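Chemist: For reference, the file run36.csv (CSV, C-alpha atoms) is included below:
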chain,number,residue,atom,x,y,z
A,1,MET,CA,13.2,-14.8,-22.4
A,2,PHE,CA,14.8,-15.6,-19.0
A,3,ARG,CA,17.9,-13.6,-20.0
A,4,ILE,CA,15.7,-10.6,-21.0
A,5,THR,CA,13.7,-10.9,-17.8
A,6,ALA,CA,16.8,-11.1,-15.6
A,7,PHE,CA,18.4,-8.1,-17.4
A,8,LEU,CA,15.3,-6.0,-17.0
A,9,LEU,CA,15.0,-6.8,-13.3
A,10,CYS,CA,18.6,-6.1,-12.7
A,11,ALA,CA,18.3,-2.8,-14.5
A,12,LEU,CA,15.2,-1.9,-12.4
A,13,ALA,CA,17.1,-2.7,-9.2
A,14,LEU,CA,20.1,-0.6,-10.3
A,15,LEU,CA,17.9,2.4,-11.2
A,16,GLY,CA,16.2,2.0,-7.8
A,17,SER,CA,19.5,2.0,-6.0
A,18,CYS,CA,20.7,5.1,-7.8
A,19,ALA,CA,17.4,6.9,-7.1
A,20,ASN,CA,17.7,5.9,-3.4
A,21,GLU,CA,20.5,8.4,-2.9
A,22,ARG,CA,17.8,11.1,-3.4
A,23,GLN,CA,15.1,9.4,-1.3
A,24,ASP,CA,13.8,10.4,2.0
A,25,ASP,CA,13.8,7.4,4.3
A,26,ARG,CA,13.2,9.2,7.6
A,27,THR,CA,11.0,7.5,10.1
A,28,ALA,CA,9.3,8.7,13.3
A,29,ASP,CA,8.8,7.0,16.7
A,30,LEU,CA,5.2,5.6,16.8
A,31,ARG,CA,5.0,6.0,20.6
A,32,GLY,CA,2.2,8.4,21.3
A,33,LYS,CA,0.9,8.5,17.8
A,34,SER,CA,-2.7,7.8,16.8
A,35,VAL,CA,-3.8,5.8,13.8
A,36,LEU,CA,-7.3,5.5,12.3
A,37,VAL,CA,-7.9,1.9,11.1
A,38,PHE,CA,-10.7,2.1,8.6
A,39,THR,CA,-12.5,-1.1,7.6
A,40,GLY,CA,-15.5,0.2,5.7
A,41,HIS,CA,-16.4,-1.0,2.2
A,42,GLY,CA,-19.0,-0.3,-0.5
A,43,ASP,CA,-20.6,-2.5,-3.1
A,44,GLY,CA,-18.1,-5.1,-4.4
A,45,TYR,CA,-16.2,-8.1,-3.1
A,46,VAL,CA,-15.9,-8.1,0.6
A,47,HIS,CA,-12.6,-9.6,1.8
A,48,GLU,CA,-12.7,-12.1,4.7
A,49,ASN,CA,-9.3,-10.7,5.8
A,50,ILE,CA,-10.7,-7.4,7.2
A,51,ALA,CA,-11.0,-8.5,10.8
A,52,ALA,CA,-7.6,-10.1,10.7
A,53,SER,CA,-5.9,-7.0,9.3
A,54,ALA,CA,-7.6,-4.8,11.9
A,55,ARG,CA,-6.6,-7.2,14.7
A,56,MET,CA,-3.0,-7.1,13.4
A,57,LEU,CA,-3.0,-3.3,13.7
A,58,GLN,CA,-4.5,-3.4,17.2
A,59,GLU,CA,-1.8,-5.8,18.3
A,60,MET,CA,1.0,-3.8,16.7
A,61,ALA,CA,-0.4,-0.7,18.5
A,62,ALA,CA,-0.2,-2.4,21.9
A,63,GLU,CA,3.3,-3.7,21.2
A,64,ASN,CA,4.6,-0.3,19.9
A,65,GLY,CA,2.9,2.3,22.1
A,66,PHE,CA,0.6,3.9,19.6
A,67,ALA,CA,-3.2,4.2,19.6
A,68,ALA,CA,-5.3,2.5,16.9
A,69,ASP,CA,-9.0,3.3,16.6
A,70,THR,CA,-10.9,0.9,14.3
A,71,THR,CA,-14.1,1.9,12.6
A,72,SER,CA,-16.2,1.3,9.5
A,73,ASP,CA,-18.2,4.5,10.1
A,74,THR,CA,-17.6,7.1,7.4
A,75,ALA,CA,-18.6,9.9,9.7
A,76,VAL,CA,-15.0,9.9,10.9
A,77,PHE,CA,-14.0,11.6,7.7
A,78,CYS,CA,-14.4,15.2,8.9
A,79,ASP,CA,-11.8,17.7,9.8
A,80,ASP,CA,-12.4,17.6,13.6
A,81,SER,CA,-12.1,13.8,13.7
A,82,LEU,CA,-9.2,13.4,11.4
A,83,ALA,CA,-7.2,16.1,13.3
A,84,LYS,CA,-6.8,13.5,16.1
A,85,TYR,CA,-4.8,11.1,13.9
A,86,ASP,CA,-1.3,10.9,12.4
A,87,ALA,CA,-2.1,8.3,9.8
A,88,ILE,CA,-5.1,6.5,8.2
A,89,VAL,CA,-4.9,2.8,7.4
A,90,TYR,CA,-7.3,1.2,4.9
A,91,ALA,CA,-7.4,-2.2,6.5
A,92,ASN,CA,-8.7,-3.9,3.3
A,93,ALA,CA,-11.3,-1.1,3.1
A,94,SER,CA,-12.5,-1.1,-0.5
A,95,TYR,CA,-15.0,0.5,-2.9
A,96,VAL,CA,-15.1,3.4,-0.5
A,97,GLU,CA,-15.5,6.3,-2.8
A,98,PRO,CA,-19.3,6.0,-3.2
A,99,LEU,CA,-19.6,6.1,0.6
A,100,LEU,CA,-17.9,9.5,1.0
A,101,ASP,CA,-19.7,12.8,0.0
A,102,SER,CA,-17.7,15.8,-1.3
A,103,ALA,CA,-17.2,17.2,2.2
A,104,GLN,CA,-15.8,13.9,3.5
A,105,ARG,CA,-13.5,13.6,0.5
A,106,GLY,CA,-12.3,17.1,1.1
A,107,ALA,CA,-11.5,16.4,4.7
A,108,PHE,CA,-9.5,13.3,3.6
A,109,GLU,CA,-7.6,15.4,1.1
A,110,ARG,CA,-6.9,18.2,3.7
A,111,PHE,CA,-5.6,15.6,6.1
A,112,VAL,CA,-3.0,14.4,3.6
A,113,ARG,CA,-2.1,18.0,2.7
A,114,ARG,CA,-1.4,18.8,6.4
A,115,GLY,CA,1.2,16.0,6.3
A,116,GLY,CA,-1.0,13.1,7.4
A,117,GLY,CA,0.1,9.6,6.5
A,118,PHE,CA,-1.8,6.8,4.7
A,119,VAL,CA,-1.3,3.0,4.5
A,120,GLY,CA,-3.3,0.8,2.2
A,121,LEU,CA,-3.5,-3.0,2.6
A,122,HIS,CA,-4.3,-5.2,-0.3
A,123,ALA,CA,-8.0,-4.4,-1.2
A,124,ALA,CA,-7.4,-0.7,-0.5
A,125,ALA,CA,-6.5,-0.3,-4.1
A,126,CYS,CA,-10.1,-1.4,-5.1
A,127,THR,CA,-11.1,2.3,-4.5
A,128,GLY,CA,-10.6,5.4,-6.5
A,129,ARG,CA,-13.0,5.1,-9.4
A,130,GLY,CA,-14.4,8.6,-9.9
A,131,TRP,CA,-11.9,10.0,-7.4
A,132,GLU,CA,-8.7,10.6,-9.2
A,133,TRP,CA,-7.0,12.3,-6.3
A,134,PHE,CA,-7.3,9.1,-4.3
A,135,THR,CA,-6.0,6.9,-7.1
A,136,GLN,CA,-2.9,9.1,-7.5
A,137,MET,CA,-2.4,9.3,-3.7
A,138,ILE,CA,-2.5,5.6,-3.1
A,139,GLY,CA,-0.5,5.1,-6.3
A,140,GLY,CA,-2.9,3.1,-8.6
A,141,ARG,CA,-6.2,1.3,-8.9
A,142,PHE,CA,-6.9,-2.5,-9.0
A,143,ASP,CA,-7.9,-3.9,-12.4
A,144,PHE,CA,-8.0,-7.7,-12.0
A,145,HIS,CA,-6.1,-10.7,-10.7
A,146,PRO,CA,-5.4,-14.3,-11.8
A,147,PRO,CA,-6.2,-17.2,-9.5
A,148,LEU,CA,-4.6,-17.4,-6.0
A,149,GLN,CA,-1.3,-19.2,-6.5
A,150,ARG,CA,2.3,-19.4,-5.4
A,151,LEU,CA,4.2,-16.3,-6.5
A,152,THR,CA,7.7,-14.9,-6.4
A,153,LEU,CA,8.1,-11.5,-4.8
A,154,LYS,CA,11.4,-9.6,-5.5
A,155,VAL,CA,12.4,-6.7,-3.3
A,156,VAL,CA,14.0,-4.0,-5.5
A,157,ASP,CA,14.5,-1.4,-2.8
A,158,GLN,CA,15.7,-2.5,0.6
A,159,SER,CA,16.6,0.9,1.8
A,160,HIS,CA,13.0,1.7,2.7
A,161,PRO,CA,12.1,0.9,6.3
A,162,SER,CA,9.2,-1.3,5.1
A,163,THR,CA,11.4,-3.6,3.1
A,164,ALA,CA,14.7,-3.4,4.9
A,165,GLN,CA,14.2,-6.6,6.8
A,166,LEU,CA,12.9,-8.6,3.9
A,167,PRO,CA,15.0,-11.1,1.9
A,168,ASP,CA,15.8,-10.2,-1.7
A,169,THR,CA,13.3,-12.8,-2.9
A,170,LEU,CA,10.5,-14.7,-1.2
A,171,GLN,CA,7.9,-17.2,-2.2
A,172,THR,CA,4.3,-16.7,-1.0
A,173,GLU,CA,0.8,-17.6,-2.0
A,174,ASP,CA,-1.3,-14.6,-2.8
A,175,GLU,CA,-3.3,-12.7,-5.4
A,176,LEU,CA,-1.2,-11.0,-8.1
A,177,TYR,CA,-3.0,-7.7,-8.5
A,178,VAL,CA,-2.8,-6.0,-11.9
A,179,PHE,CA,-3.2,-2.3,-11.7
A,180,LYS,CA,-4.3,0.6,-13.9
A,181,ARG,CA,-3.6,4.3,-13.6
A,182,LEU,CA,-0.4,3.7,-11.8
A,183,ASN,CA,1.2,6.9,-10.5
A,184,PRO,CA,4.6,7.2,-12.3
A,185,GLY,CA,5.9,9.2,-9.4
A,186,ALA,CA,5.5,6.4,-6.9
A,187,ARG,CA,8.6,4.6,-5.6
A,188,ILE,CA,8.5,0.9,-6.3
A,189,LEU,CA,9.8,-1.2,-3.5
A,190,ALA,CA,8.9,-4.8,-4.5
A,191,ILE,CA,7.6,-6.5,-7.6
A,192,TRP,CA,5.9,-9.7,-8.6
A,193,GLU,CA,7.8,-11.8,-11.1
A,194,THR,CA,5.4,-12.8,-13.9
A,195,ALA,CA,7.3,-15.8,-15.3
A,196,GLY,CA,5.3,-19.0,-14.8
A,197,VAL,CA,2.1,-17.2,-13.6
A,198,ASP,CA,-1.1,-19.0,-14.4
A,199,TRP,CA,-3.2,-16.2,-15.9
A,200,ALA,CA,-6.3,-18.4,-16.5
A,201,GLY,CA,-7.1,-16.8,-19.8
A,202,ARG,CA,-6.7,-13.2,-19.0
A,203,LYS,CA,-3.4,-11.4,-19.2
A,204,PRO,CA,-2.4,-7.8,-18.8
A,205,GLU,CA,-2.6,-5.8,-22.1
A,206,ALA,CA,1.2,-5.4,-22.0
A,207,LEU,CA,2.7,-8.4,-20.2
A,208,THR,CA,5.9,-7.4,-18.5
A,209,PRO,CA,8.5,-9.4,-16.6
A,210,SER,CA,7.3,-7.9,-13.4
A,211,ILE,CA,4.3,-6.0,-11.9
A,212,PRO,CA,4.6,-3.6,-8.9
A,213,ALA,CA,3.5,-5.1,-5.6
A,214,VAL,CA,4.7,-2.7,-2.9
A,215,TRP,CA,5.3,1.0,-3.3
A,216,CYS,CA,5.4,4.3,-1.5
A,217,ASN,CA,4.4,7.8,-2.6
A,218,GLN,CA,5.1,11.3,-1.4
A,219,PHE,CA,2.0,13.1,-2.6
A,220,ASP,CA,0.3,16.4,-2.1
A,221,GLY,CA,2.0,17.2,1.2
A,222,GLY,CA,1.7,13.7,2.8
A,223,ARG,CA,3.1,10.2,2.6
A,224,SER,CA,1.4,7.0,1.5
A,225,TRP,CA,2.4,3.4,1.3
A,226,TYR,CA,0.6,0.5,-0.3
A,227,THR,CA,1.1,-3.3,-0.4
A,228,ALA,CA,-0.8,-5.6,-2.7
A,229,LEU,CA,0.0,-8.6,-0.4
A,230,GLY,CA,-2.4,-9.9,2.1
A,231,HIS,CA,-5.3,-11.7,0.5
A,232,ASP,CA,-5.5,-14.5,3.2
A,233,SER,CA,-6.3,-13.8,6.8
A,234,GLN,CA,-3.3,-15.8,7.9
A,235,ASN,CA,-1.0,-13.3,6.2
A,236,TYR,CA,-1.6,-10.9,9.1
A,237,ASP,CA,0.0,-13.2,11.5
A,238,ASP,CA,3.2,-13.5,9.4
A,239,PRO,CA,6.1,-11.7,11.1
A,240,GLN,CA,7.5,-10.6,7.7
A,241,TYR,CA,4.2,-9.0,6.8
A,242,ARG,CA,3.9,-7.3,10.1
A,243,ALA,CA,7.4,-5.9,9.7
A,244,GLN,CA,6.5,-4.4,6.4
A,245,VAL,CA,3.5,-2.6,7.8
A,246,LEU,CA,5.3,-1.5,10.9
A,247,GLY,CA,8.1,0.0,8.8
A,248,ALA,CA,5.5,1.7,6.6
A,249,LEU,CA,3.7,3.3,9.5
A,250,ARG,CA,7.0,4.6,10.9
A,251,TRP,CA,7.7,6.1,7.5
A,252,VAL,CA,4.3,7.7,6.8
A,253,VAL,CA,4.0,9.4,10.1
A,254,ALA,CA,7.4,11.1,9.7
A,255,GLY,CA,5.8,13.5,7.3
A,256,PRO,CA,7.4,15.5,4.4
A,257,ALA,CA,10.9,16.7,4.7
A,258,PRO,CA,11.3,20.3,5.9
A,259,GLU,CA,11.9,22.7,3.0
A,260,LYS,CA,15.5,23.8,2.8
A,261,GLN,CA,16.1,27.4,3.6
A,262,PRO,CA,17.7,29.5,0.9
Give the structure from the file, written as structure tokens.
Modeler:
Amino acid sequence: MFRITAFLLCALALLGSCANERQDDRTADLRGKSVLVFTGHGDGYVHENIAASARMLQEMAAENGFAADTTSDTAVFCDDSLAKYDAIVYANASYVEPLLDSAQRGAFERFVRRGGGFVGLHAAACTGRGWEWFTQMIGGRFDFHPPLQRLTLKVVDQSHPSTAQLPDTLQTEDELYVFKRLNPGARILAIWETAGVDWAGRKPEALTPSIPAVWCNQFDGGRSWYTALGHDSQNYDDPQYRAQVLGALRWVVAGPAPEKQP
């Protein structure tokens, strides 16, 4: 089993490196940019990490010269308000879809189509039921997780600005999110290794050697990035975690590549 797992992981890394030749890793300077940090949530488990994730982004904004407005008020999802921002961050915002009416969802979609960026942290994937556009934009939807435990994260794409400073492999305690309705067009950046995981009686329908943990997505005119890491509040003080998010922000605000002229 170990040999099979190692072979598949190596094959995944090789395919990723080949695909990287065609990837757009442009970044933009965050100075002068404006980011909406959304912390709202609907009915469902409310993570205790919301305040810590919002504080992280406020501190990163002060250190890197961009503005970060934090709110849980869904009234911000209108064309006039969203026009002020270069990116939206779901700072563990979750179960949001019931909170947004059709006009607010439409404003969110138009924001992305105008080239707006999106960053989702951990619980952000607990949104999308009944809103397929959001599920495909963020790249997938949370299904379940085994107990909090020590996990192995393997970076399979270090060319992306969010993973460039990470080691090939790192150990961390976190929740291993299992997803459904993954967008096959998303670019996988890091994976959880599943060997030795304590599933506590519930395993994925198709248990594979690895499960996506960090990815990015160029979707419907904009850019999105998501990390499943970050269950504990203390994660948001971790320099490696902050480096991931900072690289992601620089990537999502760069917008889509200009179309080549014939």
Chemist: So which one's closest to A:Glu48, A:Arg113, A:Thr172, A:Ala91, A:Trp199? Using all atoms listed in the file, please.
Modeler: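 Looking only at the distances to A:Glu48, the closest residue turns out to be A:Ala91.
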Chemist: Near A:Asp220, counting all atoms listed in the file, which residues have an atom at most 10 Å away, once you skip same-chain residues fewer than 4 positions from it, shown as a PyMOL selection string?
Modeler: chain A and resi 109-110+112-115+133+136-137+256
Chemist: In Å to one decimal, how far is atom CA of A:Val89 from atom CA of A:Phe111?
Modeler: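 Here the two named atoms are 12.9 Å from each other.
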Chemist: List the spatial neighbours of A:Thr152 as a list in words - criterion: any atom at most 8 Å away, all atoms listed in the file, same-chain residues fewer than 2 positions off excluded.
Modeler: Arg150, Lys154, Thr169, Leu170, Gln171, Thr172, Trp192 and Glu193 of chain A
Chemist: Considering all atoms listed in the file, return as number ranges by chain whatever protein or nucleic-acid residues lie within 10 Å of A:Arg55, sequence-local ones (same chain, fewer than 3 positions apart) excluded.
Modeler: A: 37, 49-52, 58-61, 70, 91, 236-237
Chemist: Could you save the residues just selected, with C-alpha atoms, as a JSON list (two decimals), in the coordinates of the input?
Modeler:
[["chain", "number", "residue", "atom", "x", "y", "z"],
["A", 37, "VAL", "CA", -7.90, 1.90, 11.10],
["A", 49, "ASN", "CA", -9.30, -10.70, 5.80],
["A", 50, "ILE", "CA", -10.70, -7.40, 7.20],
["A", 51, "ALA", "CA", -11.00, -8.50, 10.80],
["A", 52, "ALA", "CA", -7.60, -10.10, 10.70],
["A", 58, "GLN", "CA", -4.50, -3.40, 17.20],
["A", 59, "GLU", "CA", -1.80, -5.80, 18.30],
["A", 60, "MET", "CA", 1.00, -3.80, 16.70],
["A", 61, "ALA", "CA", -0.40, -0.70, 18.50],
["A", 70, "THR", "CA", -10.90, 0.90, 14.30],
["A", 91, "ALA", "CA", -7.40, -2.20, 6.50],
["A", 236, "TYR", "CA", -1.60, -10.90, 9.10],
["A", 237, "ASP", "CA", 0.00, -13.20, 11.50]]
Chemist: Check the smallest atom-to-atom distance from each of A:Glu132, A:Thr208, A:Gln165, A:Gly106 to A:Leu182 using only C-alpha atoms, then report the winner.
Modeler: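 Closest to A:Leu182 of all the choices is A:Glu132.
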Chemist: For a quick check of your reading of the model, name the residues lying within 12 Å of the coordinate (16.9, -5.1, 0.8), counting only C-alpha atoms, and write them as a list in words.
Modeler: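 Result, sorted by chain then residue number: Ala13, Gly16, Ser17, Asn20, Lys154, Val155, Val156, Asp157, Gln158, Ser159, His160, Pro161, Ser162, Thr163, Ala164, Gln165, Leu166, Pro167, Asp168, Thr169, Leu170, Leu189, Ala190 and Gln244 of chain A.
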Chemist: Produce a file of the selected residues containing C-alpha atoms, as a PDB file, keeping the file's coordinate frame.
Modeler:
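Below is the file selection-v4.pdb, written as the result:
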ATOM      1  CA  ALA A  13      17.100  -2.700  -9.200  1.00  0.00           C
ATOM      2  CA  GLY A  16      16.200   2.000  -7.800  1.00  0.00           C
ATOM      3  CA  SER A  17      19.500   2.000  -6.000  1.00  0.00           C
ATOM      4  CA  ASN A  20      17.700   5.900  -3.400  1.00  0.00           C
ATOM      5  CA  LYS A 154      11.400  -9.600  -5.500  1.00  0.00           C
ATOM      6  CA  VAL A 155      12.400  -6.700  -3.300  1.00  0.00           C
ATOM      7  CA  VAL A 156      14.000  -4.000  -5.500  1.00  0.00           C
ATOM      8  CA  ASP A 157      14.500  -1.400  -2.800  1.00  0.00           C
ATOM      9  CA  GLN A 158      15.700  -2.500   0.600  1.00  0.00           C
ATOM     10  CA  SER A 159      16.600   0.900   1.800  1.00  0.00           C
ATOM     11  CA  HIS A 160      13.000   1.700   2.700  1.00  0.00           C
ATOM     12  CA  PRO A 161      12.100   0.900   6.300  1.00  0.00           C
ATOM     13  CA  SER A 162       9.200  -1.300   5.100  1.00  0.00           C
ATOM     14  CA  THR A 163      11.400  -3.600   3.100  1.00  0.00           C
ATOM     15  CA  ALA A 164      14.700  -3.400   4.900  1.00  0.00           C
ATOM     16  CA  GLN A 165      14.200  -6.600   6.800  1.00  0.00           C
ATOM     17  CA  LEU A 166      12.900  -8.600   3.900  1.00  0.00           C
ATOM     18  CA  PRO A 167      15.000 -11.100   1.900  1.00  0.00           C
ATOM     19  CA  ASP A 168      15.800 -10.200  -1.700  1.00  0.00           C
ATOM     20  CA  THR A 169      13.300 -12.800  -2.900  1.00  0.00           C
ATOM     21  CA  LEU A 170      10.500 -14.700  -1.200  1.00  0.00           C
ATOM     22  CA  LEU A 189       9.800  -1.200  -3.500  1.00  0.00           C
ATOM     23  CA  ALA A 190       8.900  -4.800  -4.500  1.00  0.00           C
ATOM     24  CA  GLN A 244       6.500  -4.400   6.400  1.00  0.00           C
TER      25      GLN A 244
END
Chemist: Determine, counting only C-alpha atoms, which protein, DNA and RNA residues have an atom within 6 Å of an atom of A:Tyr226; residues of the same chain fewer than 6 positions away are not included. Present the result as a tab-separated table (two decimals) with C-alpha atoms, keeping the file's coordinate frame.
Modeler:
chain	number	residue	atom	x	y	z
A	119	VAL	CA	-1.30	3.00	4.50
A	120	GLY	CA	-3.30	0.80	2.20
A	214	VAL	CA	4.70	-2.70	-2.90
A	215	TRP	CA	5.30	1.00	-3.30
Chemist: Can you pull out every residue within 9 Å of A:Ile138, counting all atoms listed in the file, but drop anything in the same chain fewer than 5 positions away, and send it as a list in words?
Modeler: Phe118, Val119, Gly120, Ala124, Ala125, Gly128, Trp133, Asn183, Ala186, Cys216, Asn217, Phe219, Ser224, Trp225 and Tyr226 of chain A
Chemist: Calculate how many Å separate atom CA of A:Asp25 from atom CA of A:Pro209, rounding to one decimal.
Modeler: 27.3 Å
Chemist: Just how far from atom CA of A:Trp131 is atom CA of A:Lys33, in Å to one decimal?
Modeler: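 Calculated distance between atom CA of A:Lys33 and atom CA of A:Trp131 is 28.3 Å.
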Chemist: Taking into account only C-alpha atoms, which residue in the set A:Val96, A:Ala28, A:Val76, A:Gly230 is nearest to A:His41?
Modeler: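 So, comparing all the options, the nearest one is A:Val96.
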Chemist: Hey, which of A:Gln218, A:Thr27, A:Thr227, A:Thr194 ends up closest to A:Tyr241? Count all atoms listed in the file.
Modeler: A:Thr227
Chemist: Looking at all atoms listed in the file, which of A:Ala257, A:Thr39, A:Asp143, A:Asn92 is the one that sits closest to A:Pro204?
Modeler: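 Closest to A:Pro204, using all atoms listed in the file: A:Asp143.
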Chemist: Kindly indicate which residue among A:Val252, A:Val245, A:Ala103, A:Leu176 lies nearest to A:Arg26, using only C-alpha atoms for the distances.
Modeler: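 Residue with the minimum atom-to-atom distance to A:Arg26: A:Val252.
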Chemist: My structure is short of atoms at stretch 39-50 of chain A; please model N, CA and C atoms there, returning them as a PDB file, keeping the file's coordinate frame.
Modeler:
ATOM      1  N   THR A  39     -12.187   0.218   8.155  1.00  0.00           N
ATOM      2  CA  THR A  39     -12.500  -1.100   7.600  1.00  0.00           C
ATOM      3  C   THR A  39     -13.808  -1.099   6.794  1.00  0.00           C
ATOM      4  N   GLY A  40     -14.292   0.089   6.430  1.00  0.00           N
ATOM      5  CA  GLY A  40     -15.500   0.200   5.700  1.00  0.00           C
ATOM      6  C   GLY A  40     -15.367  -0.306   4.233  1.00  0.00           C
ATOM      7  N   HIS A  41     -16.479  -0.615   3.600  1.00  0.00           N
ATOM      8  CA  HIS A  41     -16.400  -1.000   2.200  1.00  0.00           C
ATOM      9  C   HIS A  41     -17.795  -0.747   1.548  1.00  0.00           C
ATOM     10  N   GLY A  42     -17.743  -0.470   0.266  1.00  0.00           N
ATOM     11  CA  GLY A  42     -19.000  -0.300  -0.500  1.00  0.00           C
ATOM     12  C   GLY A  42     -19.356  -1.530  -1.228  1.00  0.00           C
ATOM     13  N   ASP A  43     -20.156  -1.377  -2.283  1.00  0.00           N
ATOM     14  CA  ASP A  43     -20.600  -2.500  -3.100  1.00  0.00           C
ATOM     15  C   ASP A  43     -19.434  -3.125  -3.839  1.00  0.00           C
ATOM     16  N   GLY A  44     -19.226  -4.391  -3.710  1.00  0.00           N
ATOM     17  CA  GLY A  44     -18.100  -5.100  -4.400  1.00  0.00           C
ATOM     18  C   GLY A  44     -17.717  -6.261  -3.483  1.00  0.00           C
ATOM     19  N   TYR A  45     -16.697  -6.968  -3.900  1.00  0.00           N
ATOM     20  CA  TYR A  45     -16.200  -8.100  -3.100  1.00  0.00           C
ATOM     21  C   TYR A  45     -15.751  -7.717  -1.757  1.00  0.00           C
ATOM     22  N   VAL A  46     -16.274  -8.364  -0.748  1.00  0.00           N
ATOM     23  CA  VAL A  46     -15.900  -8.100   0.600  1.00  0.00           C
ATOM     24  C   VAL A  46     -14.869  -9.121   1.082  1.00  0.00           C
ATOM     25  N   HIS A  47     -13.651  -8.699   1.358  1.00  0.00           N
ATOM     26  CA  HIS A  47     -12.600  -9.600   1.800  1.00  0.00           C
ATOM     27  C   HIS A  47     -12.836 -10.159   3.171  1.00  0.00           C
ATOM     28  N   GLU A  48     -12.553 -11.433   3.344  1.00  0.00           N
ATOM     29  CA  GLU A  48     -12.700 -12.100   4.700  1.00  0.00           C
ATOM     30  C   GLU A  48     -11.528 -11.689   5.585  1.00  0.00           C
ATOM     31  N   ASN A  49     -10.534 -10.994   5.051  1.00  0.00           N
ATOM     32  CA  ASN A  49      -9.300 -10.700   5.800  1.00  0.00           C
ATOM     33  C   ASN A  49      -9.470  -9.367   6.617  1.00  0.00           C
ATOM     34  N   ILE A  50     -10.608  -8.695   6.523  1.00  0.00           N
ATOM     35  CA  ILE A  50     -10.700  -7.400   7.200  1.00  0.00           C
ATOM     36  C   ILE A  50     -10.519  -7.474   8.670  1.00  0.00           C
TER      37      ILE A  50
END
